[in-house]
file work.pdb (PDB, C-alpha atoms, pLDDT in the B column)
MODEL        1
ATOM      1  CA  MET A   1     -43.320  63.953 -34.649  1.00 70.00           C
ATOM      2  CA  GLU A   2     -42.946  60.324 -33.654  1.00 74.00           C
ATOM      3  CA  SER A   3     -44.821  59.011 -30.657  1.00 82.00           C
ATOM      4  CA  TYR A   4     -43.307  57.127 -27.767  1.00 82.00           C
ATOM      5  CA  ASP A   5     -44.728  53.875 -29.174  1.00 82.00           C
ATOM      6  CA  ASP A   6     -43.013  54.520 -32.522  1.00 80.00           C
ATOM      7  CA  HIS A   7     -39.676  55.098 -30.755  1.00 71.00           C
ATOM      8  CA  LEU A   8     -40.180  51.986 -28.639  1.00 75.00           C
ATOM      9  CA  GLU A   9     -41.043  49.844 -31.648  1.00 81.00           C
ATOM     10  CA  ARG A  10     -37.973  51.077 -33.536  1.00 78.00           C
ATOM     11  CA  ALA A  11     -35.757  50.346 -30.524  1.00 74.00           C
ATOM     12  CA  MET A  12     -37.223  46.847 -30.145  1.00 74.00           C
ATOM     13  CA  ASP A  13     -36.636  46.170 -33.851  1.00 75.00           C
ATOM     14  CA  ALA A  14     -32.979  47.203 -33.474  1.00 71.00           C
ATOM     15  CA  THR A  15     -32.415  44.978 -30.407  1.00 65.00           C
ATOM     16  CA  PRO A  16     -30.740  41.642 -31.228  1.00 59.00           C
ATOM     17  CA  GLU A  17     -32.750  38.476 -30.660  1.00 59.00           C
ATOM     18  CA  ILE A  18     -31.654  36.440 -27.660  1.00 53.00           C
ATOM     19  CA  ASP A  19     -32.257  32.705 -27.897  1.00 51.00           C
ATOM     20  CA  GLY A  20     -33.339  31.027 -24.687  1.00 48.00           C
ATOM     21  CA  ASP A  21     -31.833  32.094 -21.389  1.00 49.00           C
ATOM     22  CA  GLY A  22     -28.463  32.342 -19.638  1.00 45.00           C
ATOM     23  CA  ASP A  23     -28.376  28.589 -19.044  1.00 53.00           C
ATOM     24  CA  ARG A  24     -27.652  27.955 -22.734  1.00 63.00           C
ATOM     25  CA  PHE A  25     -23.943  28.749 -22.259  1.00 79.00           C
ATOM     26  CA  GLU A  26     -21.878  25.785 -21.169  1.00 88.00           C
ATOM     27  CA  VAL A  27     -18.109  25.520 -21.266  1.00 90.00           C
ATOM     28  CA  PRO A  28     -16.803  21.988 -21.983  1.00 91.00           C
ATOM     29  CA  ASP A  29     -15.137  20.127 -19.124  1.00 93.00           C
ATOM     30  CA  ALA A  30     -11.365  20.407 -19.173  1.00 93.00           C
ATOM     31  CA  ASP A  31      -9.585  17.381 -20.605  1.00 95.00           C
ATOM     32  CA  VAL A  32      -6.161  17.277 -18.923  1.00 96.00           C
ATOM     33  CA  ARG A  33      -3.418  14.705 -18.500  1.00 95.00           C
ATOM     34  CA  GLN A  34       0.000  14.630 -16.904  1.00 96.00           C
ATOM     35  CA  GLU A  35       3.112  14.261 -19.010  1.00 94.00           C
ATOM     36  CA  GLY A  36       6.095  14.298 -16.659  1.00 93.00           C
ATOM     37  CA  ASN A  37       5.935  17.567 -14.753  1.00 95.00           C
ATOM     38  CA  VAL A  38       3.753  19.159 -17.464  1.00 96.00           C
ATOM     39  CA  THR A  39      -0.035  19.266 -17.489  1.00 96.00           C
ATOM     40  CA  VAL A  40      -1.405  18.976 -21.023  1.00 96.00           C
ATOM     41  CA  PHE A  41      -4.738  20.769 -21.478  1.00 97.00           C
ATOM     42  CA  GLU A  42      -5.984  18.679 -24.405  1.00 96.00           C
ATOM     43  CA  ASN A  43      -9.162  20.586 -25.296  1.00 96.00           C
ATOM     44  CA  PHE A  44      -7.837  24.109 -24.766  1.00 96.00           C
ATOM     45  CA  GLN A  45      -8.778  25.034 -28.352  1.00 96.00           C
ATOM     46  CA  ALA A  46     -12.366  23.782 -27.936  1.00 94.00           C
ATOM     47  CA  ILE A  47     -12.740  25.885 -24.798  1.00 95.00           C
ATOM     48  CA  LEU A  48     -11.282  28.923 -26.578  1.00 94.00           C
ATOM     49  CA  ASP A  49     -13.814  28.438 -29.371  1.00 93.00           C
ATOM     50  CA  ARG A  50     -16.661  28.263 -26.857  1.00 93.00           C
ATOM     51  CA  LEU A  51     -15.467  31.351 -24.962  1.00 94.00           C
ATOM     52  CA  GLY A  52     -14.798  33.282 -28.176  1.00 92.00           C
ATOM     53  CA  ARG A  53     -11.647  34.831 -26.788  1.00 94.00           C
ATOM     54  CA  ASP A  54      -8.030  35.240 -27.913  1.00 93.00           C
ATOM     55  CA  GLU A  55      -5.755  32.334 -26.977  1.00 94.00           C
ATOM     56  CA  ASP A  56      -3.018  34.623 -25.636  1.00 95.00           C
ATOM     57  CA  HIS A  57      -5.463  36.404 -23.298  1.00 94.00           C
ATOM     58  CA  VAL A  58      -6.862  33.144 -21.902  1.00 96.00           C
ATOM     59  CA  LEU A  59      -3.417  31.545 -21.591  1.00 97.00           C
ATOM     60  CA  LYS A  60      -2.018  34.570 -19.737  1.00 96.00           C
ATOM     61  CA  PHE A  61      -4.971  34.445 -17.331  1.00 96.00           C
ATOM     62  CA  LEU A  62      -4.394  30.723 -16.694  1.00 96.00           C
ATOM     63  CA  GLN A  63      -0.680  31.322 -16.090  1.00 97.00           C
ATOM     64  CA  ASP A  64      -1.430  34.103 -13.597  1.00 96.00           C
ATOM     65  CA  GLU A  65      -4.202  32.127 -11.895  1.00 95.00           C
ATOM     66  CA  LEU A  66      -2.192  28.906 -11.609  1.00 96.00           C
ATOM     67  CA  GLY A  67       1.156  30.583 -10.933  1.00 96.00           C
ATOM     68  CA  THR A  68       2.971  28.798 -13.721  1.00 96.00           C
ATOM     69  CA  SER A  69       4.368  29.193 -17.207  1.00 97.00           C
ATOM     70  CA  ALA A  70       2.658  27.754 -20.253  1.00 96.00           C
ATOM     71  CA  HIS A  71       2.673  27.669 -24.026  1.00 96.00           C
ATOM     72  CA  ILE A  72       0.447  26.413 -26.810  1.00 95.00           C
ATOM     73  CA  ASP A  73       1.844  23.529 -28.827  1.00 95.00           C
ATOM     74  CA  GLU A  74       1.474  22.909 -32.557  1.00 93.00           C
ATOM     75  CA  SER A  75      -1.764  20.939 -31.943  1.00 92.00           C
ATOM     76  CA  GLY A  76      -3.424  23.824 -30.101  1.00 92.00           C
ATOM     77  CA  ARG A  77      -3.061  22.235 -26.671  1.00 96.00           C
ATOM     78  CA  ALA A  78      -1.967  24.303 -23.700  1.00 96.00           C
ATOM     79  CA  ARG A  79       1.075  22.873 -21.933  1.00 97.00           C
ATOM     80  CA  LEU A  80       1.281  24.062 -18.325  1.00 97.00           C
ATOM     81  CA  THR A  81       4.459  23.611 -16.324  1.00 97.00           C
ATOM     82  CA  GLY A  82       3.603  21.700 -13.147  1.00 96.00           C
ATOM     83  CA  GLU A  83       0.916  19.261 -12.066  1.00 95.00           C
ATOM     84  CA  PHE A  84      -2.638  20.579 -12.034  1.00 95.00           C
ATOM     85  CA  ASP A  85      -5.749  18.478 -11.658  1.00 94.00           C
ATOM     86  CA  ARG A  86      -8.826  18.908 -13.832  1.00 95.00           C
ATOM     87  CA  GLN A  87     -10.814  20.688 -11.117  1.00 95.00           C
ATOM     88  CA  ARG A  88      -8.146  23.344 -10.584  1.00 96.00           C
ATOM     89  CA  ILE A  89      -8.043  24.125 -14.309  1.00 96.00           C
ATOM     90  CA  GLU A  90     -11.848  24.129 -14.568  1.00 96.00           C
ATOM     91  CA  ASP A  91     -12.020  26.565 -11.632  1.00 96.00           C
ATOM     92  CA  ALA A  92      -9.575  28.897 -13.419  1.00 96.00           C
ATOM     93  CA  VAL A  93     -11.574  28.677 -16.677  1.00 96.00           C
ATOM     94  CA  GLU A  94     -14.765  29.434 -14.718  1.00 95.00           C
ATOM     95  CA  GLU A  95     -13.131  32.499 -13.147  1.00 95.00           C
ATOM     96  CA  TYR A  96     -12.057  33.668 -16.605  1.00 95.00           C
ATOM     97  CA  THR A  97     -15.599  33.154 -17.897  1.00 94.00           C
ATOM     98  CA  GLU A  98     -17.063  35.211 -15.047  1.00 93.00           C
ATOM     99  CA  ALA A  99     -14.530  38.021 -15.497  1.00 93.00           C
ATOM    100  CA  TYR A 100     -14.198  38.219 -19.291  1.00 94.00           C
ATOM    101  CA  VAL A 101     -17.140  36.472 -20.982  1.00 94.00           C
ATOM    102  CA  LEU A 102     -20.431  36.713 -19.064  1.00 93.00           C
ATOM    103  CA  CYS A 103     -22.144  40.105 -18.881  1.00 92.00           C
ATOM    104  CA  PRO A 104     -22.356  41.291 -15.262  1.00 92.00           C
ATOM    105  CA  GLU A 105     -25.698  42.972 -16.024  1.00 90.00           C
ATOM    106  CA  CYS A 106     -27.718  40.316 -17.867  1.00 90.00           C
ATOM    107  CA  GLY A 107     -25.522  37.220 -17.399  1.00 90.00           C
ATOM    108  CA  LEU A 108     -25.406  36.354 -21.103  1.00 92.00           C
ATOM    109  CA  PRO A 109     -22.204  35.383 -22.944  1.00 93.00           C
ATOM    110  CA  ASP A 110     -22.934  37.663 -25.916  1.00 92.00           C
ATOM    111  CA  THR A 111     -19.991  39.926 -25.159  1.00 93.00           C
ATOM    112  CA  ARG A 112     -16.757  41.117 -26.668  1.00 93.00           C
ATOM    113  CA  LEU A 113     -13.659  42.711 -25.214  1.00 92.00           C
ATOM    114  CA  GLU A 114     -12.865  46.261 -26.345  1.00 92.00           C
ATOM    115  CA  ARG A 115     -10.064  48.639 -25.532  1.00 90.00           C
ATOM    116  CA  GLU A 116     -11.112  52.219 -24.831  1.00 88.00           C
ATOM    117  CA  GLN A 117      -8.600  54.844 -23.728  1.00 88.00           C
ATOM    118  CA  GLY A 118      -6.285  52.086 -22.526  1.00 86.00           C
ATOM    119  CA  ALA A 119      -8.942  50.342 -20.433  1.00 88.00           C
ATOM    120  CA  LEU A 120     -10.245  46.877 -21.274  1.00 90.00           C
ATOM    121  CA  LEU A 121     -14.051  46.853 -21.355  1.00 93.00           C
ATOM    122  CA  LEU A 122     -16.574  44.057 -21.646  1.00 93.00           C
ATOM    123  CA  ARG A 123     -19.341  45.114 -24.049  1.00 93.00           C
ATOM    124  CA  CYS A 124     -22.564  43.117 -24.115  1.00 93.00           C
ATOM    125  CA  GLU A 125     -24.200  42.693 -27.516  1.00 91.00           C
ATOM    126  CA  ALA A 126     -27.449  41.550 -25.873  1.00 89.00           C
ATOM    127  CA  CYS A 127     -28.198  44.335 -23.397  1.00 90.00           C
ATOM    128  CA  GLY A 128     -25.688  47.009 -24.418  1.00 89.00           C
ATOM    129  CA  ALA A 129     -23.981  47.181 -21.017  1.00 91.00           C
ATOM    130  CA  ARG A 130     -20.310  48.121 -20.835  1.00 92.00           C
ATOM    131  CA  SER A 131     -18.219  47.290 -17.820  1.00 91.00           C
ATOM    132  CA  ALA A 132     -14.565  47.536 -16.910  1.00 89.00           C
ATOM    133  CA  THR A 133     -12.595  44.342 -16.479  1.00 85.00           C
ATOM    134  CA  SER A 134      -9.702  43.767 -14.103  1.00 70.00           C
ATOM    135  CA  ALA A 135      -7.033  43.737 -16.822  1.00 59.00           C
TER
ENDMDL
END

call {"tool": "encode", "arguments": {"input": "work.pdb", "output": "C-alpha coordinates"}}
result
Amino acid sequence: MESYDDHLERAMDATPEIDGDGDRFEVPDADVRQEGNVTVFENFQAILDRLGRDEDHVLKFLQDELGTSAHIDESGRARLTGEFDRQRIEDAVEEYTEAYVLCPECGLPDTRLEREQGALLLRCEACGARSATSA
(Lines of atoms letter the chains of each structure in order from A and count residues from 1; the text may use other names and numbers.)
(Lines give C-alpha, C1' and ligand atoms only; values in the text may rest on other atoms or scores of the structure.)
Protein backbone atom coordinates (compact mmCIF):
# COMPACT_ATOMS: atom_id res chain seq x y z
CA MET A 1 0.00 0.00 0.00
CA GLU A 2 1.32 3.41 -0.97
CA SER A 3 1.88 6.02 1.69
CA TYR A 4 0.54 9.54 1.65
CA ASP A 5 4.00 10.82 0.67
CA ASP A 6 4.09 8.46 -2.32
CA HIS A 7 0.67 9.71 -3.47
CA LEU A 8 1.75 13.32 -2.96
CA GLU A 9 4.98 12.83 -4.89
CA ARG A 10 3.12 11.19 -7.79
CA ALA A 11 0.60 14.05 -7.85
CA MET A 12 3.37 16.66 -7.82
CA ASP A 13 5.13 14.87 -10.69
CA ALA A 14 1.91 14.94 -12.73
CA THR A 15 1.31 18.67 -12.11
CA PRO A 16 2.46 20.90 -14.99
CA GLU A 17 5.32 23.30 -14.33
CA ILE A 18 4.29 26.94 -14.07
CA ASP A 19 6.92 29.47 -15.11
CA GLY A 20 7.05 32.62 -13.02
CA ASP A 21 3.86 34.20 -11.76
CA GLY A 22 0.61 35.70 -13.06
CA ASP A 23 2.38 38.89 -14.11
CA ARG A 24 4.02 37.10 -17.05
CA PHE A 25 0.85 37.42 -19.16
CA GLU A 26 0.60 40.68 -21.06
CA VAL A 27 -1.74 41.43 -23.93
CA PRO A 28 -0.29 43.81 -26.55
CA ASP A 29 -1.73 47.32 -26.72
CA ALA A 30 -4.40 47.70 -29.37
CA ASP A 31 -3.21 49.32 -32.58
CA VAL A 32 -6.26 51.05 -34.08
CA ARG A 33 -6.87 53.69 -36.73
CA GLN A 34 -9.89 55.34 -38.27
CA GLU A 35 -10.77 54.76 -41.90
CA GLY A 36 -13.92 56.74 -42.63
CA ASN A 37 -16.57 55.51 -40.22
CA VAL A 38 -14.70 52.21 -39.69
CA THR A 39 -12.20 51.50 -36.94
CA VAL A 40 -9.42 49.20 -38.15
CA PHE A 41 -7.97 47.03 -35.38
CA GLU A 42 -4.55 46.49 -36.97
CA ASN A 43 -3.06 43.97 -34.53
CA PHE A 44 -6.19 41.90 -33.91
CA GLN A 45 -4.36 38.74 -35.04
CA ALA A 46 -1.43 39.36 -32.65
CA ILE A 47 -3.87 39.76 -29.76
CA LEU A 48 -5.71 36.58 -30.79
CA ASP A 49 -2.39 34.72 -30.80
CA ARG A 50 -1.58 36.01 -27.31
CA LEU A 51 -5.03 35.13 -25.95
CA GLY A 52 -5.03 31.72 -27.65
CA ARG A 53 -8.69 31.98 -28.54
CA ASP A 54 -10.82 31.54 -31.67
CA GLU A 55 -11.16 34.69 -33.79
CA ASP A 56 -14.94 34.30 -34.15
CA HIS A 57 -15.41 34.08 -30.37
CA VAL A 58 -13.30 37.18 -29.69
CA LEU A 59 -14.87 39.14 -32.56
CA LYS A 60 -18.41 38.31 -31.39
CA PHE A 61 -17.50 39.47 -27.87
CA LEU A 62 -16.10 42.75 -29.24
CA GLN A 63 -19.22 43.31 -31.34
CA ASP A 64 -21.48 42.72 -28.33
CA GLU A 65 -19.31 44.84 -26.02
CA LEU A 66 -18.99 47.76 -28.45
CA GLY A 67 -22.51 47.49 -29.86
CA THR A 68 -21.39 47.32 -33.47
CA SER A 69 -20.89 45.00 -36.40
CA ALA A 70 -17.47 43.83 -37.49
CA HIS A 71 -15.62 41.45 -39.78
CA ILE A 72 -12.08 40.23 -40.28
CA ASP A 73 -10.44 41.30 -43.51
CA GLU A 74 -8.05 39.29 -45.68
CA SER A 75 -5.05 40.63 -43.69
CA GLY A 76 -6.44 39.39 -40.37
CA ARG A 77 -7.44 42.85 -39.16
CA ALA A 78 -10.76 43.41 -37.44
CA ARG A 79 -12.85 46.12 -39.09
CA LEU A 80 -15.38 47.60 -36.67
CA THR A 81 -18.23 49.75 -37.94
CA GLY A 82 -18.10 53.08 -36.11
CA GLU A 83 -15.43 55.16 -34.40
CA PHE A 84 -13.80 53.62 -31.35
CA ASP A 85 -10.70 54.91 -29.63
CA ARG A 86 -7.83 52.68 -28.56
CA GLN A 87 -8.79 52.79 -24.87
CA ARG A 88 -12.34 51.59 -25.53
CA ILE A 89 -11.06 48.62 -27.54
CA GLU A 90 -8.38 47.82 -24.95
CA ASP A 91 -11.04 47.87 -22.22
CA ALA A 92 -13.14 45.38 -24.21
CA VAL A 93 -10.12 43.11 -24.78
CA GLU A 94 -9.33 43.29 -21.05
CA GLU A 95 -12.91 42.29 -20.20
CA TYR A 96 -12.64 39.36 -22.61
CA THR A 97 -9.34 38.33 -21.01
CA GLU A 98 -10.88 38.40 -17.53
CA ALA A 99 -13.95 36.43 -18.62
CA TYR A 100 -12.47 33.88 -21.04
CA VAL A 101 -8.70 33.61 -20.55
CA LEU A 102 -7.53 34.13 -16.95
CA CYS A 103 -8.38 31.44 -14.40
CA PRO A 104 -10.64 32.86 -11.67
CA GLU A 105 -8.97 30.56 -9.11
CA CYS A 106 -5.23 31.02 -9.70
CA GLY A 107 -5.19 33.99 -12.11
CA LEU A 108 -3.00 32.26 -14.70
CA PRO A 109 -3.73 32.32 -18.45
CA ASP A 110 -3.10 28.58 -18.88
CA THR A 111 -6.72 27.87 -19.74
CA ARG A 112 -8.85 26.54 -22.55
CA LEU A 113 -12.53 26.80 -23.35
CA GLU A 114 -14.52 23.55 -23.33
CA ARG A 115 -18.14 22.76 -24.01
CA GLU A 116 -19.78 20.37 -21.57
CA GLN A 117 -23.48 19.54 -21.78
CA GLY A 118 -24.06 22.75 -23.72
CA ALA A 119 -22.29 24.97 -21.18
CA LEU A 120 -19.06 26.80 -21.98
CA LEU A 121 -16.44 26.14 -19.29
CA LEU A 122 -13.03 27.62 -18.65
CA ARG A 123 -10.61 24.82 -17.70
CA CYS A 124 -7.29 25.74 -16.13
CA GLU A 125 -4.32 23.59 -17.12
CA ALA A 126 -2.27 24.97 -14.21
CA CYS A 127 -4.52 24.37 -11.21
CA GLY A 128 -7.23 22.13 -12.67
CA ALA A 129 -10.10 24.48 -11.82
CA ARG A 130 -13.19 24.50 -14.02
CA SER A 131 -15.58 27.41 -14.03
CA ALA A 132 -18.61 28.42 -16.04
CA THR A 133 -18.35 31.40 -18.34
CA SER A 134 -21.11 33.84 -19.22
CA ALA A 135 -21.59 32.54 -22.77

call {"tool": "resolve_selection", "arguments": {"input": "work.pdb", "expression": "the PyMOL selection byres ((chain A and resi 112) around 9)", "output": "PyMOL selection string"}}
result
chain A and resi 52-53+100-101+109-111+113-114+121-125

call {"tool": "residues_around", "arguments": {"input": "work.pdb", "residues": "range 85-87 of chain A", "least_positions_apart": "2", "cutoff": "8 Å", "atoms": "all atoms listed in the file", "output": "number ranges by chain"}}
result
A: 30-32, 83, 89-91

call {"tool": "write_last_selection", "arguments": {"input": "work.pdb", "atoms": "C-alpha atoms", "output": "JSON list (two decimals), in the coordinates of the input"}}
result
[["chain", "number", "residue", "atom", "x", "y", "z"],
["A", 30, "ALA", "CA", -11.36, 20.41, -19.17],
["A", 31, "ASP", "CA", -9.59, 17.38, -20.60],
["A", 32, "VAL", "CA", -6.16, 17.28, -18.92],
["A", 83, "GLU", "CA", 0.92, 19.26, -12.07],
["A", 89, "ILE", "CA", -8.04, 24.12, -14.31],
["A", 90, "GLU", "CA", -11.85, 24.13, -14.57],
["A", 91, "ASP", "CA", -12.02, 26.56, -11.63]]

call {"tool": "closest_residue", "arguments": {"input": "work.pdb", "among": "A:Ile47, A:Ala132, A:Gln117, A:Ser75", "to": "Glu26 in chain A", "atoms": "all atoms listed in the file"}}
result
A:Ile47

call {"tool": "resolve_selection", "arguments": {"input": "work.pdb", "expression": "the PyMOL selection byres ((chain A and resi 93) around 12)", "output": "number ranges by chain"}}
result
A: 26-30, 41, 44, 47-48, 50-51, 53, 57-66, 86-92, 94-101

call {"tool": "closest_residue", "arguments": {"input": "work.pdb", "among": "A:Ala46, A:Leu80, A:Leu8, A:Ala14", "to": "Arg33 in chain A", "atoms": "all atoms listed in the file"}}
result
A:Leu80

call {"tool": "resolve_selection", "arguments": {"input": "work.pdb", "expression": "the PyMOL selection byres ((chain A and resi 82) around 6)", "output": "PyMOL selection string"}}
result
chain A and resi 37-38+81+83

call {"tool": "atom_distance", "arguments": {"input": "work.pdb", "atom1": "CA of Cys103 in chain A", "atom2": "CA of Ala129 in chain A"}}
result
7.6 Å

call {"tool": "atom_distance", "arguments": {"input": "work.pdb", "atom1": "CA of Glu42 in chain A", "atom2": "CA of Ser69 in chain A"}}
result
16.4 Å
